[in-house]
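First up is the structure itself, then whatever we jot down about it.
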Amino acid sequence: MDTIIEIKGLTKDYEKGFWKKKKIRALDDLSLQVEGGQIFGFLGGNGAGKTTTLKLLMSLIFPTEGSAKILGAEIGDPAMHQKIGYCPESPYFYDYLKADELMVYFGRLFGMDKGSAEKRSAELLTRVGLEKKDWKRQLRKFSKGMLQRVGLAQSLINDPEIVFMDEPMSGLDPIGRRQVRELIAELREEGKTVFMSSHILTDIEALCDNVAILRKGRLVEEGNLAELLRSTAQDSGFEVSVGGIESSVFKEAIKGKIASEINVKPGGFSLNVANEQDVEAVLASLNKLGGRLIGVNPVRQSLEELFVREET
Amino acid sequence: MTALNHVRVIASNTFREAVRDRVLYNLVVFMLLITGCAIFLGELTAGQESRTIVNIGLSAMLLFGVFIAIFVGVGLVSKEIEKKTLYTVFSKPVRRGEFIVGKYLGLCLTLLVNVAVMGLGVSIALLFVGGGSLSISIWGAIVLIFFELALITAVAVLFSSFSSPALSALLTFLIFVIGHFSSSLRDLAQNLGSNAAQWLFGAIYYLLPNFSHFEFVSHAAHGRVPSGSYLALALLYALAYIAVVIAVTALIFRRRNLK
Ligand SMILES: Nc1ncnc2c1ncn2[C@@H]1O[C@H](COP(=O)(O)OP(=O)(O)OP(=O)(O)O)[C@@H](O)[C@H]1O
Ligand SMILES: [Mg+2]
């Protein structure tokens with residue numbers, strides 16, 4: 001796949017104060033290349049500069065230094081905007097419009113006629129899980145999660161090649177999160193590129209192919225997520241969850257055979273083992289004692305640890 | 001072509017916003033005022049009564065319009081920056097200049113509807129009190145009022161592109177007042193004799209919009225009609241001034257970092 005987002009030395013200073021202008025560097029010399037057809041995670045803690053970068057890419061603010069290209073065109077080229085979508089962080093819309101009116105309005109800014117904009121709007125509002133009864137309600141009466149859904153729907157009105165999403169899951173309930181996760185995964189299936197900022201690690205682990213991690217405006221890590229996790233992994237193993245017998249009985253039975261801590265949990269207990277042989281051994285003891293296997297999960301170095309490491 | 005389409009779509013949305021934000025409700029107050037005049041001026045002779053209705057009606061039309069032009073105009077762009085509604089607009093293939101022009105024309109359309117409905121109200125009131133010919137002849141003055149409102153709107157939008165809404169409203173109102181007295185100011189300056197004062201008031205006279213080109217209410221009350229060339233010149237003046245002001249606004253707004 002070709003590089004479709006190319007960021008070169010992007011830097012942004014915000015000015016603070018009225019008389020004595022103090023400069024705050026929110027983004028420092030960011031260079032990044034993103035290939036098409038993937039979900040790219042743009043990560044960082046609060047205030048790391050994610051939103052700043054996205055606003056720069058959308059030409060809502062202008063860089064102090066550096067430049068960027070999207071789909072081969074300089075950012076700020078309005079023609080290029082025909083092929084991209086953007087869902088801002090905690091989006092806010094014209095509150096005097098109804099959800100479907102907003103969609104049609106944006107569709108028409110892309111040159112769609114009213115009929116096809118209406119059709120596309122109905123498709124997308126369904127897809128983001130906004131109930132039909134809410135389509136004809138004024139946006140001023142929408143909850144945060146409902147606005148977020150409208151934000152996602154409007155970012156897709158033009159069937160864009162690249163969608164930029166600033167924390168797409170924020171404000172959503174569990175069902176909403178799952179729907180949006182599925183939506184984003186589907187976009188990749190359709191061959192689109194999703195550039196999403198986030199600090200919600202489970203979402204990133206579930207979705208992203210490649211990531212870049214920002215810290216205090218600087219790029220600190222970049223690459224394939226699986227590889228990054230592997231390179232930081234220490235001793236991975238398995239977590240075996242067990243039920244139906246007393247933990248003390250089980251502890252006695254495996255004594256000397258498997259070295260493991262036993263963590264008591266509701267409905268049973270779990271133990272961490274180093275390798276597959278140990279899993280087998282646990283299963284064998286379990287059979288003998290008449291316990292019940294709840295599950296076996298590989299223990300992976302989670303993204304959280306990668307994050308924490310970057311922070312220290 | 002796409003630019004025109006963007007301007008049209010944004011303008012009609014701005015009009016819809018004004019209607020839904022109940023801007024046109026001022027028409028109710030206006031109609032009550034005119035009806036009140038028509039009823040309570042009954043003691044005057046027919047001619048005086050019509051003249052008073054024209055004077056009060058058209059002056060109120062201008063004032064109500066200025067009120068809308070200023071208070072809606074200064075929020076037109078700044079409110080969208082404040083509420084961040086612009087984020088999703090400028091991620092579409094919309095140029096900043098197109099947005100400014102669209103918003104401006106949308107408010108002008110609102111004012112046009114407002115002025116037209118008010119004009120109809122005054123015309124009907126005139127028919128009611130027997131001022132039949134006036135009900136037609138006042139429309140020249142009404143057109144001039146609309147030109148003036150369009151110009152004030154442009155000034156309000158300009159100020160709001162770089163200063164706070166409150167300050168913009170104040171400055172626009174000052175321009176409105178000074179613009180009605182600028183020729184007197186210049187005359188005053190010439191009598192003062194001081195070079196600096198002459199220069200200052202001269203500069204004000206030439207730089208600020210001169211609204212005396214659009215003052216026709218008292219003539220209209222006497223049944224006079226502006227000539228075609230008078231209207232054409234006023235239109236030309238308004239258009240040229242508006243074009244410059246909106247172009248400057250777009251230039252300022254083009255490089256502005258959105259909050
Ligand atoms: N308009 C602004 N004026 C001044 N400083 C700003 C402005 N916007 C952001 N900043 C500063 O720039 C830095 C980066 O902010 P940014 O919003 O890009 O972070 P973020 O990564 O999106 O954080 P979050 O996860 O909280 O959304 C922060 O230090 C913030 O205080
Ligand atoms: Mg952010």
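Naming scheme: A, B, ... for chains in displayed order of the structure tokens; residues 1 onward per chain; ligands 1 onward as shown.
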
Checklist entry - DSSP on the backbone: what in range 126-276 of chain A comes out alpha helix (DSSP H), as JSON, numbers by chain? => result {"A": [126, 127, 144, 145, 146, 147, 148, 149, 150, 151, 152, 153, 154, 174, 175, 176, 177, 178, 179, 180, 181, 182, 183, 184, 185, 186, 187, 188, 189, 201, 202, 203, 204, 205, 206, 207, 225, 226, 227, 228, 229, 230, 231, 232, 247, 248, 249, 250, 251, 252, 253, 254, 276]}

Item to check | Neighbourhood of ligand 1 at 9 Å, counting only C-alpha atoms and all ligand atoms, reported as a VMD selection string | outcome: (chain A and resid 12 to 16 23 to 27 43 to 55 89 166 to 167 197 to 199 214 to 217) or (chain B and resid 257 to 259)

Distance filter 8 Å, only C-alpha atoms, chain A against chain B, as a tab-separated table (two decimals) with N, CA and C atoms, in the first residue's frame:
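Saved to iface10.tsv:
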chain	number	residue	atom	x	y	z
A	58	MET	N	-6.49	18.91	9.54
A	58	MET	CA	-7.74	19.38	8.95
A	58	MET	C	-7.67	20.88	8.59
A	59	SER	N	-6.50	21.49	8.82
A	59	SER	CA	-6.33	22.93	8.58
A	59	SER	C	-7.29	23.79	9.39
A	60	LEU	N	-7.64	23.32	10.57
A	60	LEU	CA	-8.45	24.16	11.45
A	60	LEU	C	-7.53	25.12	12.18
A	61	ILE	N	-6.29	24.67	12.39
A	61	ILE	CA	-5.24	25.54	12.90
A	61	ILE	C	-4.04	25.36	11.97
A	62	PHE	N	-3.10	26.29	12.07
A	62	PHE	CA	-1.99	26.26	11.12
A	62	PHE	C	-0.68	25.99	11.84
A	78	PRO	N	-8.66	22.27	-0.55
A	78	PRO	CA	-10.05	21.87	-0.35
A	78	PRO	C	-10.46	20.68	-1.21
A	79	ALA	N	-9.87	20.52	-2.38
A	79	ALA	CA	-10.26	19.42	-3.26
A	79	ALA	C	-9.97	18.08	-2.60
A	80	MET	N	-8.86	18.02	-1.86
A	80	MET	CA	-8.49	16.78	-1.18
A	80	MET	C	-9.55	16.42	-0.12
A	81	HIS	N	-10.18	17.45	0.46
A	81	HIS	CA	-11.19	17.21	1.49
A	81	HIS	C	-12.43	16.48	0.97
A	82	GLN	N	-12.55	16.43	-0.34
A	82	GLN	CA	-13.64	15.68	-0.95
A	82	GLN	C	-13.51	14.20	-0.60
A	84	ILE	N	-11.88	12.85	2.22
A	84	ILE	CA	-11.59	12.47	3.60
A	84	ILE	C	-12.78	12.78	4.50
A	85	GLY	N	-12.77	12.16	5.68
A	85	GLY	CA	-13.79	12.43	6.67
A	85	GLY	C	-13.12	12.76	7.99
A	86	TYR	N	-13.83	13.46	8.87
A	86	TYR	CA	-13.26	13.85	10.16
A	86	TYR	C	-14.34	13.85	11.22
A	87	CYS	N	-14.07	13.17	12.29
A	87	CYS	CA	-14.98	13.21	13.44
A	87	CYS	C	-14.21	13.82	14.61
A	88	PRO	N	-14.53	15.06	14.98
A	88	PRO	CA	-13.78	15.73	16.05
A	88	PRO	C	-14.04	15.10	17.42
A	91	PRO	N	-17.79	15.98	19.44
A	91	PRO	CA	-18.28	16.86	18.38
A	91	PRO	C	-19.51	17.65	18.81
A	92	TYR	N	-19.62	18.83	18.23
A	92	TYR	CA	-20.78	19.67	18.50
A	92	TYR	C	-21.28	20.21	17.17
A	93	PHE	N	-22.59	20.23	17.02
A	93	PHE	CA	-23.15	20.62	15.73
A	93	PHE	C	-24.17	21.72	15.89
A	94	TYR	N	-24.64	22.21	14.74
A	94	TYR	CA	-25.71	23.21	14.76
A	94	TYR	C	-26.89	22.64	15.52
A	96	TYR	N	-29.78	23.73	16.14
A	96	TYR	CA	-31.14	24.01	15.65
A	96	TYR	C	-31.53	23.03	14.54
A	105	TYR	N	-27.27	18.47	5.06
A	105	TYR	CA	-26.51	19.71	4.89
A	105	TYR	C	-25.05	19.40	4.52
A	106	PHE	N	-24.43	18.49	5.29
A	106	PHE	CA	-23.05	18.15	5.01
A	106	PHE	C	-22.92	17.44	3.66
A	108	ARG	N	-24.66	17.96	1.09
A	108	ARG	CA	-24.75	18.95	0.03
A	108	ARG	C	-23.46	19.76	-0.10
A	109	LEU	N	-22.72	19.90	1.02
A	109	LEU	CA	-21.43	20.58	0.93
A	109	LEU	C	-20.43	19.73	0.12
A	110	PHE	N	-20.72	18.45	0.02
A	110	PHE	CA	-19.89	17.58	-0.82
A	110	PHE	C	-20.42	17.52	-2.24
A	111	GLY	N	-21.45	18.30	-2.51
A	111	GLY	CA	-21.99	18.33	-3.87
A	111	GLY	C	-23.02	17.26	-4.14

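Among A:Ser90, A:Asn275, A:Ser67, A:Gln33, the residue with the shortest atom-to-atom distance to ligand 2, counting only C-alpha atoms and all ligand atoms, is A:Ser90.
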
Next on the checklist: To test your reading of the structure, identify every residue in range 25-249 of chain A that backbone DSSP assigns to strand (DSSP E or B), and report it as a PyMOL selection string.
Outcome noted: chain A and resi 25-35+39-44+65-70+73-74+84-87+98+138+162-166+193-198+210-215+218-224+237-243

Next on the checklist: Would you compute the distance between CA of Phe173 in chain B and CA of Gly75 in chain B? Give it in Å to one decimal.
Outcome noted: 14.5 Å

Item to check | Residues near Gly72 in chain A, cut-off 10 Å, only C-alpha atoms, skip fewer than 5 positions along chain, as a PyMOL selection string | outcome: chain A and resi 3-6+80

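CA of Leu62 in chain B sits 10.2 Å away from CA of Glu215 in chain B.
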
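Here the question is which of A:Ala274, A:Met165, A:Ala185, A:Leu156 gets nearest to ligand 2 using only C-alpha atoms and all ligand atoms, and that residue is A:Met165.
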
Next on the checklist: If we count only C-alpha atoms and set the cut-off at 7 Å, which residues sit around Tyr205 in chain B, ignoring sequence neighbours fewer than 5 positions away in its own chain? Please answer as a list in words.
Outcome noted: Ser182, Ser183 and Arg186 of chain B

Next on the checklist: Residues within 8 Å of range 112-119 of chain A, please, as a VMD selection string. Count only C-alpha atoms; anything in the same chain fewer than 4 positions from it doesn't count.
Outcome noted: chain A and resid 100 103 to 104 107 to 108 123 157

Taking C-alpha atoms for each residue, export the selection above as a tab-separated table (two decimals), in the first residue's frame.
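Below you can see selection-v1.tsv, which holds the result:
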chain	number	residue	atom	x	y	z
A	100	ASP	CA	-30.98	13.99	9.41
A	103	MET	CA	-26.41	14.94	7.46
A	104	VAL	CA	-28.11	16.30	4.36
A	107	GLY	CA	-23.87	15.90	2.07
A	108	ARG	CA	-24.75	18.95	0.03
A	123	GLU	CA	-27.88	4.34	5.92
A	157	ILE	CA	-21.27	10.93	4.44

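Counting only C-alpha atoms, range 228-243 of chain B has the following residues at most 9 Å away, ignoring those fewer than 6 positions along the same chain: Gly140, Val143, Leu144, Phe147, Glu148, Ala150, Leu151, Ile152, Thr153, Ala154, Val155, Pro209, His213 and Phe214 of chain B.
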
Store the residues picked out above, limited to all heavy atoms, as a JSON list (two decimals), in the first residue's frame.
[["chain", "number", "residue", "atom", "x", "y", "z"],
["B", 140, "GLY", "N", -39.27, 52.65, -2.85],
["B", 140, "GLY", "CA", -37.91, 53.13, -3.18],
["B", 140, "GLY", "C", -37.10, 53.31, -1.91],
["B", 140, "GLY", "O", -35.95, 52.86, -1.79],
["B", 143, "VAL", "N", -36.16, 49.97, -0.36],
["B", 143, "VAL", "CA", -34.99, 49.36, -1.01],
["B", 143, "VAL", "C", -33.70, 49.97, -0.45],
["B", 143, "VAL", "O", -32.73, 49.26, -0.15],
["B", 143, "VAL", "CB", -35.08, 49.54, -2.55],
["B", 143, "VAL", "CG1", -33.75, 49.21, -3.20],
["B", 143, "VAL", "CG2", -36.19, 48.68, -3.12],
["B", 144, "LEU", "N", -33.70, 51.31, -0.28],
["B", 144, "LEU", "CA", -32.51, 51.98, 0.25],
["B", 144, "LEU", "C", -32.22, 51.51, 1.68],
["B", 144, "LEU", "O", -31.05, 51.35, 2.06],
["B", 144, "LEU", "CB", -32.70, 53.49, 0.20],
["B", 144, "LEU", "CG", -32.60, 54.08, -1.21],
["B", 144, "LEU", "CD1", -33.09, 55.52, -1.24],
["B", 144, "LEU", "CD2", -31.16, 54.00, -1.72],
["B", 147, "PHE", "N", -30.40, 48.28, 1.46],
["B", 147, "PHE", "CA", -28.97, 48.48, 1.11],
["B", 147, "PHE", "C", -28.18, 48.84, 2.37],
["B", 147, "PHE", "O", -27.10, 48.31, 2.61],
["B", 147, "PHE", "CB", -28.80, 49.60, 0.08],
["B", 147, "PHE", "CG", -29.33, 49.25, -1.28],
["B", 147, "PHE", "CD1", -29.46, 50.25, -2.25],
["B", 147, "PHE", "CD2", -29.71, 47.96, -1.62],
["B", 147, "PHE", "CE1", -29.94, 49.96, -3.52],
["B", 147, "PHE", "CE2", -30.19, 47.66, -2.88],
["B", 147, "PHE", "CZ", -30.31, 48.66, -3.83],
["B", 148, "GLU", "N", -28.72, 49.75, 3.14],
["B", 148, "GLU", "CA", -28.01, 50.19, 4.35],
["B", 148, "GLU", "C", -27.82, 49.02, 5.31],
["B", 148, "GLU", "O", -26.73, 48.84, 5.87],
["B", 148, "GLU", "CB", -28.79, 51.32, 5.02],
["B", 148, "GLU", "CG", -28.18, 51.71, 6.37],
["B", 148, "GLU", "CD", -28.69, 53.05, 6.89],
["B", 148, "GLU", "OE1", -29.43, 53.74, 6.16],
["B", 148, "GLU", "OE2", -28.31, 53.39, 8.03],
["B", 150, "ALA", "N", -27.69, 45.86, 4.61],
["B", 150, "ALA", "CA", -26.71, 44.93, 4.05],
["B", 150, "ALA", "C", -25.30, 45.42, 4.35],
["B", 150, "ALA", "O", -24.40, 44.64, 4.69],
["B", 150, "ALA", "CB", -26.92, 44.77, 2.55],
["B", 151, "LEU", "N", -25.11, 46.74, 4.26],
["B", 151, "LEU", "CA", -23.78, 47.30, 4.52],
["B", 151, "LEU", "C", -23.41, 47.17, 6.00],
["B", 151, "LEU", "O", -22.28, 46.79, 6.35],
["B", 151, "LEU", "CB", -23.79, 48.77, 4.10],
["B", 151, "LEU", "CG", -22.49, 49.35, 3.55],
["B", 151, "LEU", "CD1", -22.73, 50.71, 2.93],
["B", 151, "LEU", "CD2", -21.43, 49.41, 4.60],
["B", 152, "ILE", "N", -24.37, 47.46, 6.86],
["B", 152, "ILE", "CA", -24.09, 47.35, 8.31],
["B", 152, "ILE", "C", -23.77, 45.91, 8.68],
["B", 152, "ILE", "O", -22.86, 45.66, 9.48],
["B", 152, "ILE", "CB", -25.28, 47.86, 9.14],
["B", 152, "ILE", "CG1", -25.41, 49.37, 8.96],
["B", 152, "ILE", "CG2", -25.10, 47.53, 10.62],
["B", 152, "ILE", "CD1", -26.68, 49.92, 9.50],
["B", 153, "THR", "N", -24.50, 44.98, 8.09],
["B", 153, "THR", "CA", -24.23, 43.57, 8.36],
["B", 153, "THR", "C", -22.78, 43.22, 8.01],
["B", 153, "THR", "O", -22.08, 42.55, 8.77],
["B", 153, "THR", "CB", -25.17, 42.67, 7.53],
["B", 153, "THR", "OG1", -26.52, 43.06, 7.81],
["B", 153, "THR", "CG2", -25.00, 41.21, 7.89],
["B", 154, "ALA", "N", -22.33, 43.71, 6.86],
["B", 154, "ALA", "CA", -20.96, 43.43, 6.44],
["B", 154, "ALA", "C", -19.97, 43.96, 7.47],
["B", 154, "ALA", "O", -18.99, 43.29, 7.82],
["B", 154, "ALA", "CB", -20.69, 44.04, 5.07],
["B", 155, "VAL", "N", -20.23, 45.17, 7.97],
["B", 155, "VAL", "CA", -19.33, 45.76, 8.97],
["B", 155, "VAL", "C", -19.33, 44.92, 10.25],
["B", 155, "VAL", "O", -18.28, 44.65, 10.84],
["B", 155, "VAL", "CB", -19.77, 47.22, 9.28],
["B", 155, "VAL", "CG1", -18.97, 47.79, 10.44],
["B", 155, "VAL", "CG2", -19.59, 48.09, 8.04],
["B", 209, "PRO", "N", -18.33, 54.09, 6.16],
["B", 209, "PRO", "CA", -19.48, 54.13, 5.26],
["B", 209, "PRO", "C", -20.31, 55.38, 5.51],
["B", 209, "PRO", "O", -20.50, 55.81, 6.64],
["B", 209, "PRO", "CB", -20.26, 52.87, 5.63],
["B", 209, "PRO", "CG", -19.78, 52.46, 6.97],
["B", 209, "PRO", "CD", -18.37, 52.93, 7.06],
["B", 213, "HIS", "N", -26.31, 58.38, 1.89],
["B", 213, "HIS", "CA", -26.78, 57.95, 0.56],
["B", 213, "HIS", "C", -28.07, 57.15, 0.63],
["B", 213, "HIS", "O", -28.74, 56.97, -0.37],
["B", 213, "HIS", "CB", -25.72, 57.04, -0.10],
["B", 213, "HIS", "CG", -24.42, 57.74, -0.32],
["B", 213, "HIS", "ND1", -24.32, 58.97, -0.90],
["B", 213, "HIS", "CD2", -23.14, 57.34, -0.04],
["B", 213, "HIS", "CE1", -23.05, 59.32, -0.96],
["B", 213, "HIS", "NE2", -22.31, 58.35, -0.43],
["B", 214, "PHE", "N", -28.35, 56.61, 1.80],
["B", 214, "PHE", "CA", -29.52, 55.72, 1.91],
["B", 214, "PHE", "C", -30.68, 56.37, 2.67],
["B", 214, "PHE", "O", -31.70, 55.75, 2.88],
["B", 214, "PHE", "CB", -29.12, 54.42, 2.62],
["B", 214, "PHE", "CG", -27.90, 53.78, 2.03],
["B", 214, "PHE", "CD1", -26.70, 53.77, 2.73],
["B", 214, "PHE", "CD2", -27.94, 53.20, 0.77],
["B", 214, "PHE", "CE1", -25.56, 53.20, 2.19],
["B", 214, "PHE", "CE2", -26.81, 52.62, 0.22],
["B", 214, "PHE", "CZ", -25.61, 52.62, 0.93]]
